[in-house]
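Source file: work_9.cif. Holds: mmCIF, C-alpha atoms.
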```cif
data_my_file
#
loop_
_atom_site.label_atom_id
_atom_site.label_comp_id
_atom_site.auth_asym_id
_atom_site.auth_seq_id
_atom_site.Cartn_x
_atom_site.Cartn_y
_atom_site.Cartn_z
CA MET A 1 -4.74 35.92 49.37
CA ASN A 2 -5.26 34.91 52.94
CA ALA A 3 -5.01 31.15 52.69
CA PRO A 4 -3.75 29.64 55.93
CA GLN A 5 -0.06 28.79 56.27
CA ALA A 6 -0.89 25.10 56.46
CA HIS A 7 -1.75 25.24 52.78
CA GLY A 8 1.58 26.84 51.96
CA LYS A 9 2.35 30.31 50.74
CA PHE A 10 2.30 29.35 47.09
CA ILE A 11 -0.27 28.17 44.61
CA THR A 12 0.29 26.96 41.06
CA SER A 13 -1.35 28.69 38.11
CA ASP A 14 -3.15 25.56 36.92
CA ARG A 15 -4.84 25.23 40.31
CA VAL A 16 -6.15 28.81 40.14
CA GLN A 17 -7.52 28.40 36.62
CA GLY A 18 -11.09 27.15 36.82
CA THR A 19 -11.51 27.96 40.52
CA ASP A 20 -14.91 29.31 41.58
CA VAL A 21 -15.45 32.87 42.80
CA TYR A 22 -18.05 33.73 45.44
CA SER A 23 -19.62 37.00 46.52
CA ALA A 24 -18.51 38.23 49.94
CA SER A 25 -22.03 39.33 50.85
CA GLU A 26 -24.11 36.27 49.93
CA ARG A 27 -21.39 33.61 49.61
CA GLU A 28 -22.97 32.68 46.30
CA ARG A 29 -20.97 31.44 43.35
CA ILE A 30 -20.82 34.22 40.79
CA GLY A 31 -18.31 32.88 38.30
CA GLU A 32 -14.87 31.38 37.91
CA ILE A 33 -11.29 32.33 37.21
CA HIS A 34 -10.47 31.49 33.63
CA ASN A 35 -6.87 32.66 33.59
CA LEU A 36 -4.23 34.75 35.29
CA VAL A 37 -2.96 37.83 33.47
CA ILE A 38 0.69 38.39 34.28
CA ASP A 39 2.80 41.53 33.91
CA LYS A 40 5.77 40.18 31.94
CA VAL A 41 8.41 42.52 33.31
CA SER A 42 7.60 42.53 37.02
CA GLY A 43 6.21 38.99 37.15
CA ASN A 44 3.20 40.28 39.06
CA VAL A 45 -0.25 38.81 38.61
CA ALA A 46 -2.11 41.90 37.43
CA TYR A 47 -5.58 40.40 36.95
CA ALA A 48 -7.65 37.34 37.18
CA ASP A 49 -9.58 36.97 33.95
CA MET A 50 -13.04 36.01 35.20
CA THR A 51 -15.90 34.51 33.27
CA PHE A 52 -19.45 34.64 34.54
CA GLY A 53 -21.08 32.16 32.16
CA GLY A 54 -24.45 33.89 32.26
CA PHE A 55 -24.45 34.60 35.99
CA LEU A 56 -25.58 38.13 36.86
CA GLY A 57 -26.75 38.55 33.29
CA LEU A 58 -23.14 39.22 32.34
CA GLY A 59 -23.06 36.93 29.33
CA GLU A 60 -20.03 34.95 28.22
CA GLY A 61 -17.50 37.77 28.24
CA HIS A 62 -14.18 37.99 30.04
CA TYR A 63 -13.76 40.47 32.88
CA PRO A 64 -10.35 41.43 34.26
CA ILE A 65 -10.55 41.58 38.06
CA PRO A 66 -7.64 42.98 40.08
CA TRP A 67 -5.88 40.12 41.87
CA GLN A 68 -5.98 42.07 45.14
CA ALA A 69 -9.80 41.97 45.02
CA LEU A 70 -9.77 38.18 45.52
CA LYS A 71 -9.20 36.29 48.75
CA TYR A 72 -8.97 32.53 49.00
CA ASP A 73 -11.48 30.88 51.34
CA THR A 74 -10.57 27.35 52.38
CA GLN A 75 -14.12 26.41 53.45
CA LEU A 76 -15.57 27.38 50.09
CA ASP A 77 -12.45 26.10 48.27
CA GLY A 78 -12.69 29.17 46.11
CA TYR A 79 -12.07 32.89 46.00
CA VAL A 80 -14.28 35.46 47.69
CA THR A 81 -14.59 38.97 46.35
CA GLY A 82 -16.17 42.10 47.75
CA ILE A 83 -16.82 43.29 44.21
CA THR A 84 -20.56 43.67 43.82
CA GLU A 85 -22.92 42.72 41.02
CA ARG A 86 -23.55 46.43 40.48
CA GLN A 87 -19.81 47.10 40.08
CA LEU A 88 -19.38 44.20 37.69
CA LYS A 89 -22.27 45.26 35.49
CA ARG A 90 -20.84 48.77 35.24
CA ALA A 91 -17.20 47.71 34.82
CA PRO A 92 -15.34 49.31 31.92
CA GLU A 93 -15.29 46.94 28.97
CA SER A 94 -11.98 45.52 27.82
CA GLY A 95 -10.73 43.81 24.75
CA PRO A 96 -8.61 40.70 25.37
CA PRO A 97 -7.40 40.95 28.98
CA ASP A 98 -3.76 40.52 27.98
CA GLN A 99 -3.93 43.60 25.75
CA VAL A 100 -5.28 46.30 28.06
CA ASP A 101 -3.34 49.56 28.33
CA ARG A 102 -2.51 51.68 31.35
CA ALA A 103 -5.39 54.12 30.73
CA PHE A 104 -7.83 51.21 30.87
CA GLU A 105 -6.10 49.84 33.96
CA GLU A 106 -6.50 53.14 35.75
CA ARG A 107 -10.21 53.27 34.91
CA LEU A 108 -10.64 49.67 36.04
CA HIS A 109 -8.88 50.07 39.38
CA LYS A 110 -10.70 53.32 40.15
CA HIS A 111 -13.99 51.63 39.31
CA TYR A 112 -13.32 48.85 41.81
CA GLY A 113 -11.61 51.08 44.35
CA ILE A 114 -8.52 48.87 44.33
CA PRO A 115 -5.01 50.39 44.36
CA GLY A 116 -3.09 49.69 41.15
CA TYR A 117 -0.55 46.88 41.41
CA TRP A 118 1.99 49.33 39.90
CA GLY A 119 1.64 51.77 42.83
CA TYR A 120 -1.18 53.77 44.35
CA ILE A 121 -3.44 55.71 42.04
CA MET B 1 10.62 39.49 30.53
CA ASN B 2 11.73 41.61 27.61
CA ALA B 3 8.99 40.87 25.09
CA PRO B 4 8.49 43.80 22.72
CA GLN B 5 5.66 46.25 23.38
CA ALA B 6 3.89 45.12 20.21
CA HIS B 7 3.12 41.87 21.95
CA GLY B 8 1.63 43.70 24.92
CA LYS B 9 2.87 43.97 28.44
CA PHE B 10 0.80 41.04 29.67
CA ILE B 11 0.70 37.34 29.10
CA THR B 12 -1.87 34.84 30.33
CA SER B 13 -0.89 31.92 32.52
CA ASP B 14 -2.21 29.29 30.11
CA ARG B 15 0.08 30.65 27.38
CA VAL B 16 3.15 30.34 29.60
CA GLN B 17 2.36 26.77 30.64
CA GLY B 18 3.95 24.39 28.17
CA THR B 19 6.25 27.01 26.64
CA ASP B 20 9.75 25.85 25.70
CA VAL B 21 12.88 27.06 27.47
CA TYR B 22 16.20 27.52 25.65
CA SER B 23 19.75 27.92 26.87
CA ALA B 24 21.20 31.40 26.39
CA SER B 25 24.58 30.01 25.31
CA GLU B 26 23.59 27.42 22.69
CA ARG B 27 19.99 28.44 22.00
CA GLU B 28 19.09 24.79 22.45
CA ARG B 29 15.78 23.66 23.89
CA ILE B 30 16.44 22.37 27.38
CA GLY B 31 12.94 21.90 28.73
CA GLU B 32 9.59 23.56 29.21
CA ILE B 33 7.59 25.52 31.74
CA HIS B 34 5.08 23.24 33.36
CA ASN B 35 3.46 25.74 35.70
CA LEU B 36 3.77 29.10 37.39
CA VAL B 37 4.20 29.14 41.15
CA ILE B 38 2.51 32.20 42.61
CA ASP B 39 3.01 33.86 45.98
CA LYS B 40 -0.57 34.07 47.24
CA VAL B 41 -0.23 37.24 49.29
CA SER B 42 1.79 39.46 46.98
CA GLY B 43 0.48 38.00 43.73
CA ASN B 44 4.03 37.72 42.45
CA VAL B 45 5.14 34.88 40.22
CA ALA B 46 7.86 33.39 42.39
CA TYR B 47 8.94 30.52 40.14
CA ALA B 48 8.42 28.77 36.91
CA ASP B 49 8.14 25.07 37.60
CA MET B 50 10.29 23.58 34.82
CA THR B 51 10.38 20.04 33.60
CA PHE B 52 13.29 18.69 31.59
CA GLY B 53 11.83 15.42 30.35
CA GLY B 54 15.17 13.64 30.22
CA PHE B 55 17.12 16.56 28.77
CA LEU B 56 20.47 17.13 30.48
CA GLY B 57 20.05 13.81 32.23
CA LEU B 58 17.75 15.56 34.69
CA GLY B 59 15.01 12.97 34.62
CA GLU B 60 11.32 13.70 34.96
CA GLY B 61 11.48 15.88 38.09
CA HIS B 62 10.20 19.39 38.60
CA TYR B 63 12.67 22.22 39.09
CA PRO B 64 11.63 25.63 40.44
CA ILE B 65 13.38 28.35 38.43
CA PRO B 66 13.21 31.99 39.55
CA TRP B 67 10.94 33.91 37.17
CA GLN B 68 13.58 36.63 36.84
CA ALA B 69 15.95 34.06 35.30
CA LEU B 70 13.71 33.75 32.23
CA LYS B 71 13.42 36.16 29.31
CA TYR B 72 10.95 35.79 26.50
CA ASP B 73 12.46 35.60 23.00
CA THR B 74 10.03 36.32 20.20
CA GLN B 75 12.17 34.63 17.50
CA LEU B 76 12.36 31.39 19.44
CA ASP B 77 8.79 31.83 20.70
CA GLY B 78 10.07 30.62 24.03
CA TYR B 79 11.98 31.64 27.12
CA VAL B 80 15.75 31.93 27.23
CA THR B 81 17.68 31.39 30.44
CA GLY B 82 21.28 32.00 31.37
CA ILE B 83 21.04 29.18 33.88
CA THR B 84 23.55 26.55 32.89
CA GLU B 85 23.37 22.78 32.74
CA ARG B 86 25.93 22.67 35.55
CA GLN B 87 23.77 24.91 37.74
CA LEU B 88 20.67 22.86 37.05
CA LYS B 89 22.35 19.57 37.85
CA ARG B 90 23.58 20.97 41.18
CA ALA B 91 20.37 22.81 42.06
CA PRO B 92 19.00 22.16 45.54
CA GLU B 93 16.27 19.56 45.42
CA SER B 94 12.74 20.57 46.29
CA GLY B 95 9.56 18.81 47.18
CA PRO B 96 6.46 20.05 45.36
CA PRO B 97 7.30 23.55 44.08
CA ASP B 98 4.24 25.06 45.77
CA GLN B 99 5.43 23.86 49.18
CA VAL B 100 8.97 25.21 49.40
CA ASP B 101 9.91 27.28 52.44
CA ARG B 102 11.96 30.44 52.74
CA ALA B 103 15.15 28.58 53.72
CA PHE B 104 14.91 26.57 50.50
CA GLU B 105 14.15 29.71 48.52
CA GLU B 106 17.25 31.42 49.86
CA ARG B 107 19.42 28.42 48.92
CA LEU B 108 17.84 28.30 45.47
CA HIS B 109 18.31 31.99 44.67
CA LYS B 110 21.88 32.00 45.95
CA HIS B 111 22.60 28.94 43.83
CA TYR B 112 21.39 30.69 40.69
CA GLY B 113 22.75 34.12 41.67
CA ILE B 114 19.30 35.66 41.27
CA PRO B 115 17.99 38.25 43.77
CA GLY B 116 15.01 36.96 45.75
CA TYR B 117 11.65 38.30 44.55
CA TRP B 118 10.98 39.26 48.20
CA GLY B 119 13.97 41.64 48.29
CA TYR B 120 17.70 41.30 47.87
CA ILE B 121 19.47 38.47 49.68
#
```

Please, can you express the file's structure as structure tokens?
Amino acid sequence: MNAPQAHGKFITSDRVQGTDVYSASERERIGEIHNLVIDKVSGNVAYADMTFGGFLGLGEGHYPIPWQALKYDTQLDGYVTGITERQLKRAPESGPPDQVDRAFEERLHKHYGIPGYWGYI
Amino acid sequence: MNAPQAHGKFITSDRVQGTDVYSASERERIGEIHNLVIDKVSGNVAYADMTFGGFLGLGEGHYPIPWQALKYDTQLDGYVTGITERQLKRAPESGPPDQVDRAFEERLHKHYGIPGYWGYI
């Protein structure tokens, strides 16, 4: 997350929840971050649980997005992602984001072309 | 966080916020987790921002507690910490937990005897 130093190196979870997400290509709002999904043992944020609220025809479901796929943009006051509409529509489906297993995680990260937060895949 | 596998390896940020914290020695409720403080770049949970609400005579302030000092206990349905009342009362004071600097972090981790999440200190 490349927020400038002036804004501090930290952000609190309640400030991330509800923050808008924009496409890197069009700078259009595509959804928002509903929640952060945290690996209990390592304390790493594994995913942002995104909701699209009907944007992109993606319905009301929850989509786990790797944290490393999101960058904070101070001008937009939201996160920008290079993940495309095409990728989102073809993303592997999950149950509740806090109950995914490693096999699903591997599919998800490969789909988005993002290294796993647990090491490179 | 040593929650059993049956509860999954993940937890969502909104479930952590507001969760009670108990002392390891007496198993008494000493406060609650108000927020998670996240390192933007690494995506690591750096701290839990705890509030004590008058417990321990600590007033209404916010106290950053290293995430690694908290373990989830399924029987208590809360987090247990080995941090003592004495340590809390003598903890270095912070401004807003999302604006602490590395010098403060080093003092804080040394105070609690917890390795820094950025590497050993």

Within 12 Å of chain B, which residues of chain A show up? Give each one with its shortest atom-to-atom distance in Å (one decimal) and the two atoms involved, counting all atoms listed in the file, rows by chain then rising residue number, as a Markdown table.
```
| residue | atom | partner | partner_atom | distance |
| --- | --- | --- | --- | --- |
| A:Met1 | CA | B:Val41 | CA | 4.7 |
| A:Asn2 | CA | B:Val41 | CA | 6.6 |
| A:Ala3 | CA | B:Lys40 | CA | 7.6 |
| A:Pro4 | CA | B:Lys40 | CA | 10.3 |
| A:Gln5 | CA | B:Gln99 | CA | 10.2 |
| A:Ala6 | CA | B:Gln99 | CA | 9.7 |
| A:His7 | CA | B:Gln99 | CA | 8.1 |
| A:Gly8 | CA | B:Gln99 | CA | 5.6 |
| A:Lys9 | CA | B:Lys40 | CA | 5.9 |
| A:Phe10 | CA | B:Asp39 | CA | 4.7 |
| A:Ile11 | CA | B:Ile38 | CA | 5.3 |
| A:Thr12 | CA | B:Val37 | CA | 4.5 |
| A:Ser13 | CA | B:Leu36 | CA | 5.2 |
| A:Asp14 | CA | B:Asn35 | CA | 6.7 |
| A:Arg15 | CA | B:Asn35 | CA | 9.5 |
| A:Val16 | CA | B:Ile38 | CA | 9.6 |
| A:Gln17 | CA | B:Asp14 | CA | 8.4 |
| A:Gly18 | CA | B:Asp14 | CA | 11.3 |
| A:Ile33 | CA | B:Ser13 | CA | 11.4 |
| A:His34 | CA | B:Asp14 | CA | 9.2 |
| A:Asn35 | CA | B:Ser13 | CA | 6.1 |
| A:Leu36 | CA | B:Ser13 | CA | 5.2 |
| A:Val37 | CA | B:Thr12 | CA | 4.5 |
| A:Ile38 | CA | B:Ile11 | CA | 5.3 |
| A:Asp39 | CA | B:Phe10 | CA | 4.7 |
| A:Lys40 | CA | B:Met1 | CA | 5.1 |
| A:Val41 | CA | B:Met1 | CA | 4.7 |
| A:Ser42 | CA | B:Met1 | CA | 7.8 |
| A:Gly43 | CA | B:Val45 | CA | 5.2 |
| A:Asn44 | CA | B:Asn44 | CA | 4.3 |
| A:Val45 | CA | B:Gly43 | CA | 5.2 |
| A:Ala46 | CA | B:Gly43 | CA | 7.8 |
| A:Tyr47 | CA | B:Gly43 | CA | 9.4 |
| A:Ala48 | CA | B:Thr12 | CA | 9.3 |
| A:Asp49 | CA | B:Thr12 | CA | 8.8 |
| A:Pro64 | CA | B:Thr12 | CA | 11.4 |
| A:Pro66 | CA | B:Gly43 | CA | 10.2 |
| A:Trp67 | CA | B:Gly43 | CA | 7.0 |
| A:Gln68 | CA | B:Gly43 | CA | 7.8 |
| A:Ala69 | CA | B:Gly43 | CA | 11.1 |
| A:Leu70 | CA | B:Lys40 | CA | 10.2 |
| A:Lys71 | CA | B:Val41 | CA | 9.0 |
| A:Tyr72 | CA | B:Lys40 | CA | 8.7 |
| A:Tyr79 | CA | B:Lys40 | CA | 11.6 |
| A:Pro96 | CA | B:Thr12 | CA | 10.2 |
| A:Pro97 | CA | B:Phe10 | CA | 8.2 |
| A:Asp98 | CA | B:Phe10 | CA | 4.9 |
| A:Gln99 | CA | B:Gly8 | CA | 5.6 |
| A:Val100 | CA | B:Gly8 | CA | 8.0 |
| A:Asp101 | CA | B:Lys9 | CA | 8.4 |
| A:Arg102 | CA | B:Lys9 | CA | 9.8 |
| A:Glu105 | CA | B:Phe10 | CA | 12.0 |
| A:Tyr117 | CA | B:Gly43 | CA | 9.2 |
```

Given identical sequences, can you show me chain B least-squares superposed on chain A via all its Cα atoms in order, as a CSV table (one decimal) with C-alpha atoms, in the coordinates of the input?
```csv
chain,number,residue,atom,x,y,z
B,1,MET,CA,-4.7,36.0,49.4
B,2,ASN,CA,-5.3,34.9,53.0
B,3,ALA,CA,-5.0,31.2,52.7
B,4,PRO,CA,-3.7,29.6,56.0
B,5,GLN,CA,0.0,28.8,56.3
B,6,ALA,CA,-0.9,25.1,56.4
B,7,HIS,CA,-1.8,25.3,52.8
B,8,GLY,CA,1.6,26.8,51.9
B,9,LYS,CA,2.4,30.3,50.7
B,10,PHE,CA,2.3,29.3,47.1
B,11,ILE,CA,-0.2,28.2,44.6
B,12,THR,CA,0.3,27.0,41.1
B,13,SER,CA,-1.3,28.7,38.1
B,14,ASP,CA,-3.1,25.5,36.9
B,15,ARG,CA,-4.8,25.2,40.3
B,16,VAL,CA,-6.2,28.8,40.1
B,17,GLN,CA,-7.5,28.4,36.6
B,18,GLY,CA,-11.1,27.1,36.8
B,19,THR,CA,-11.5,28.0,40.5
B,20,ASP,CA,-14.9,29.3,41.6
B,21,VAL,CA,-15.5,32.9,42.8
B,22,TYR,CA,-18.0,33.7,45.4
B,23,SER,CA,-19.6,37.0,46.5
B,24,ALA,CA,-18.5,38.2,49.9
B,25,SER,CA,-22.0,39.3,50.8
B,26,GLU,CA,-24.1,36.3,49.9
B,27,ARG,CA,-21.4,33.6,49.6
B,28,GLU,CA,-23.0,32.7,46.3
B,29,ARG,CA,-21.0,31.4,43.3
B,30,ILE,CA,-20.8,34.2,40.8
B,31,GLY,CA,-18.3,32.9,38.3
B,32,GLU,CA,-14.9,31.4,37.9
B,33,ILE,CA,-11.3,32.3,37.2
B,34,HIS,CA,-10.5,31.5,33.6
B,35,ASN,CA,-6.9,32.7,33.6
B,36,LEU,CA,-4.2,34.8,35.3
B,37,VAL,CA,-3.0,37.8,33.5
B,38,ILE,CA,0.7,38.4,34.3
B,39,ASP,CA,2.8,41.5,33.9
B,40,LYS,CA,5.8,40.2,31.9
B,41,VAL,CA,8.4,42.5,33.3
B,42,SER,CA,7.6,42.5,37.0
B,43,GLY,CA,6.2,39.0,37.2
B,44,ASN,CA,3.2,40.3,39.1
B,45,VAL,CA,-0.3,38.8,38.6
B,46,ALA,CA,-2.1,41.9,37.4
B,47,TYR,CA,-5.6,40.4,37.0
B,48,ALA,CA,-7.7,37.3,37.2
B,49,ASP,CA,-9.6,37.0,34.0
B,50,MET,CA,-13.1,36.0,35.2
B,51,THR,CA,-15.9,34.5,33.3
B,52,PHE,CA,-19.5,34.6,34.5
B,53,GLY,CA,-21.1,32.2,32.2
B,54,GLY,CA,-24.5,33.9,32.3
B,55,PHE,CA,-24.5,34.6,36.0
B,56,LEU,CA,-25.6,38.1,36.9
B,57,GLY,CA,-26.7,38.5,33.3
B,58,LEU,CA,-23.1,39.2,32.3
B,59,GLY,CA,-23.0,36.9,29.4
B,60,GLU,CA,-20.0,34.9,28.2
B,61,GLY,CA,-17.5,37.8,28.2
B,62,HIS,CA,-14.2,38.0,30.0
B,63,TYR,CA,-13.8,40.5,32.9
B,64,PRO,CA,-10.4,41.4,34.3
B,65,ILE,CA,-10.5,41.6,38.1
B,66,PRO,CA,-7.6,43.0,40.1
B,67,TRP,CA,-5.9,40.1,41.9
B,68,GLN,CA,-6.0,42.1,45.1
B,69,ALA,CA,-9.8,42.0,45.0
B,70,LEU,CA,-9.8,38.2,45.5
B,71,LYS,CA,-9.2,36.3,48.7
B,72,TYR,CA,-9.0,32.5,49.0
B,73,ASP,CA,-11.5,30.9,51.3
B,74,THR,CA,-10.5,27.4,52.4
B,75,GLN,CA,-14.1,26.4,53.4
B,76,LEU,CA,-15.5,27.4,50.1
B,77,ASP,CA,-12.4,26.1,48.3
B,78,GLY,CA,-12.7,29.2,46.1
B,79,TYR,CA,-12.1,32.9,46.0
B,80,VAL,CA,-14.3,35.4,47.7
B,81,THR,CA,-14.6,39.0,46.3
B,82,GLY,CA,-16.2,42.1,47.7
B,83,ILE,CA,-16.8,43.3,44.2
B,84,THR,CA,-20.5,43.7,43.8
B,85,GLU,CA,-22.9,42.7,41.0
B,86,ARG,CA,-23.5,46.4,40.5
B,87,GLN,CA,-19.8,47.1,40.1
B,88,LEU,CA,-19.4,44.2,37.7
B,89,LYS,CA,-22.3,45.3,35.5
B,90,ARG,CA,-20.8,48.8,35.2
B,91,ALA,CA,-17.2,47.7,34.8
B,92,PRO,CA,-15.3,49.3,31.9
B,93,GLU,CA,-15.3,47.0,29.0
B,94,SER,CA,-12.0,45.5,27.8
B,95,GLY,CA,-10.7,43.8,24.7
B,96,PRO,CA,-8.6,40.7,25.4
B,97,PRO,CA,-7.4,41.0,29.0
B,98,ASP,CA,-3.8,40.5,28.0
B,99,GLN,CA,-3.9,43.6,25.8
B,100,VAL,CA,-5.3,46.3,28.1
B,101,ASP,CA,-3.3,49.5,28.3
B,102,ARG,CA,-2.5,51.7,31.4
B,103,ALA,CA,-5.4,54.1,30.7
B,104,PHE,CA,-7.8,51.2,30.9
B,105,GLU,CA,-6.1,49.8,34.0
B,106,GLU,CA,-6.5,53.1,35.8
B,107,ARG,CA,-10.2,53.3,34.9
B,108,LEU,CA,-10.6,49.7,36.0
B,109,HIS,CA,-8.9,50.1,39.4
B,110,LYS,CA,-10.7,53.3,40.2
B,111,HIS,CA,-14.0,51.6,39.3
B,112,TYR,CA,-13.3,48.8,41.8
B,113,GLY,CA,-11.6,51.1,44.4
B,114,ILE,CA,-8.5,48.9,44.3
B,115,PRO,CA,-5.0,50.3,44.4
B,116,GLY,CA,-3.1,49.7,41.2
B,117,TYR,CA,-0.5,46.9,41.4
B,118,TRP,CA,2.0,49.3,39.9
B,119,GLY,CA,1.6,51.7,42.9
B,120,TYR,CA,-1.2,53.8,44.3
B,121,ILE,CA,-3.5,55.7,42.0
```

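In this model, the gap between CA of Glu32 (chain A) and CA of Phe52 (chain A) comes to 6.6 Å.
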
Point-to-point distance in Å for CA of Gly78 (chain A) and CA of Asp20 (chain A):
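Going from CA of Asp20 (chain A) over to CA of Gly78 (chain A) covers 5.0 Å.
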
From CA of Val21 (chain A) to CA of Gly61 (chain A) the spacing works out at 15.5 Å

Shell around Ile83 (chain A) at 8 Å using all atoms listed in the file, local window under 3 positions removed, as a compact mmCIF listing (two decimals) with C-alpha atoms, keeping the file's coordinate frame:
```txt
# COMPACT_ATOMS: atom_id res chain seq x y z
CA SER A 23 -19.62 37.00 46.52
CA ALA A 24 -18.51 38.23 49.94
CA ALA A 69 -9.80 41.97 45.02
CA GLN A 87 -19.81 47.10 40.08
CA LEU A 88 -19.38 44.20 37.69
CA TYR A 112 -13.32 48.85 41.81
```

With all atoms listed in the file counted, which protein, DNA or RNA residues have an atom no more than 9 Å from (17.2, 22.6, 43.0) in the file frame? Please answer as number ranges by chain.
B: 62-65, 87-94, 104, 107-108, 111
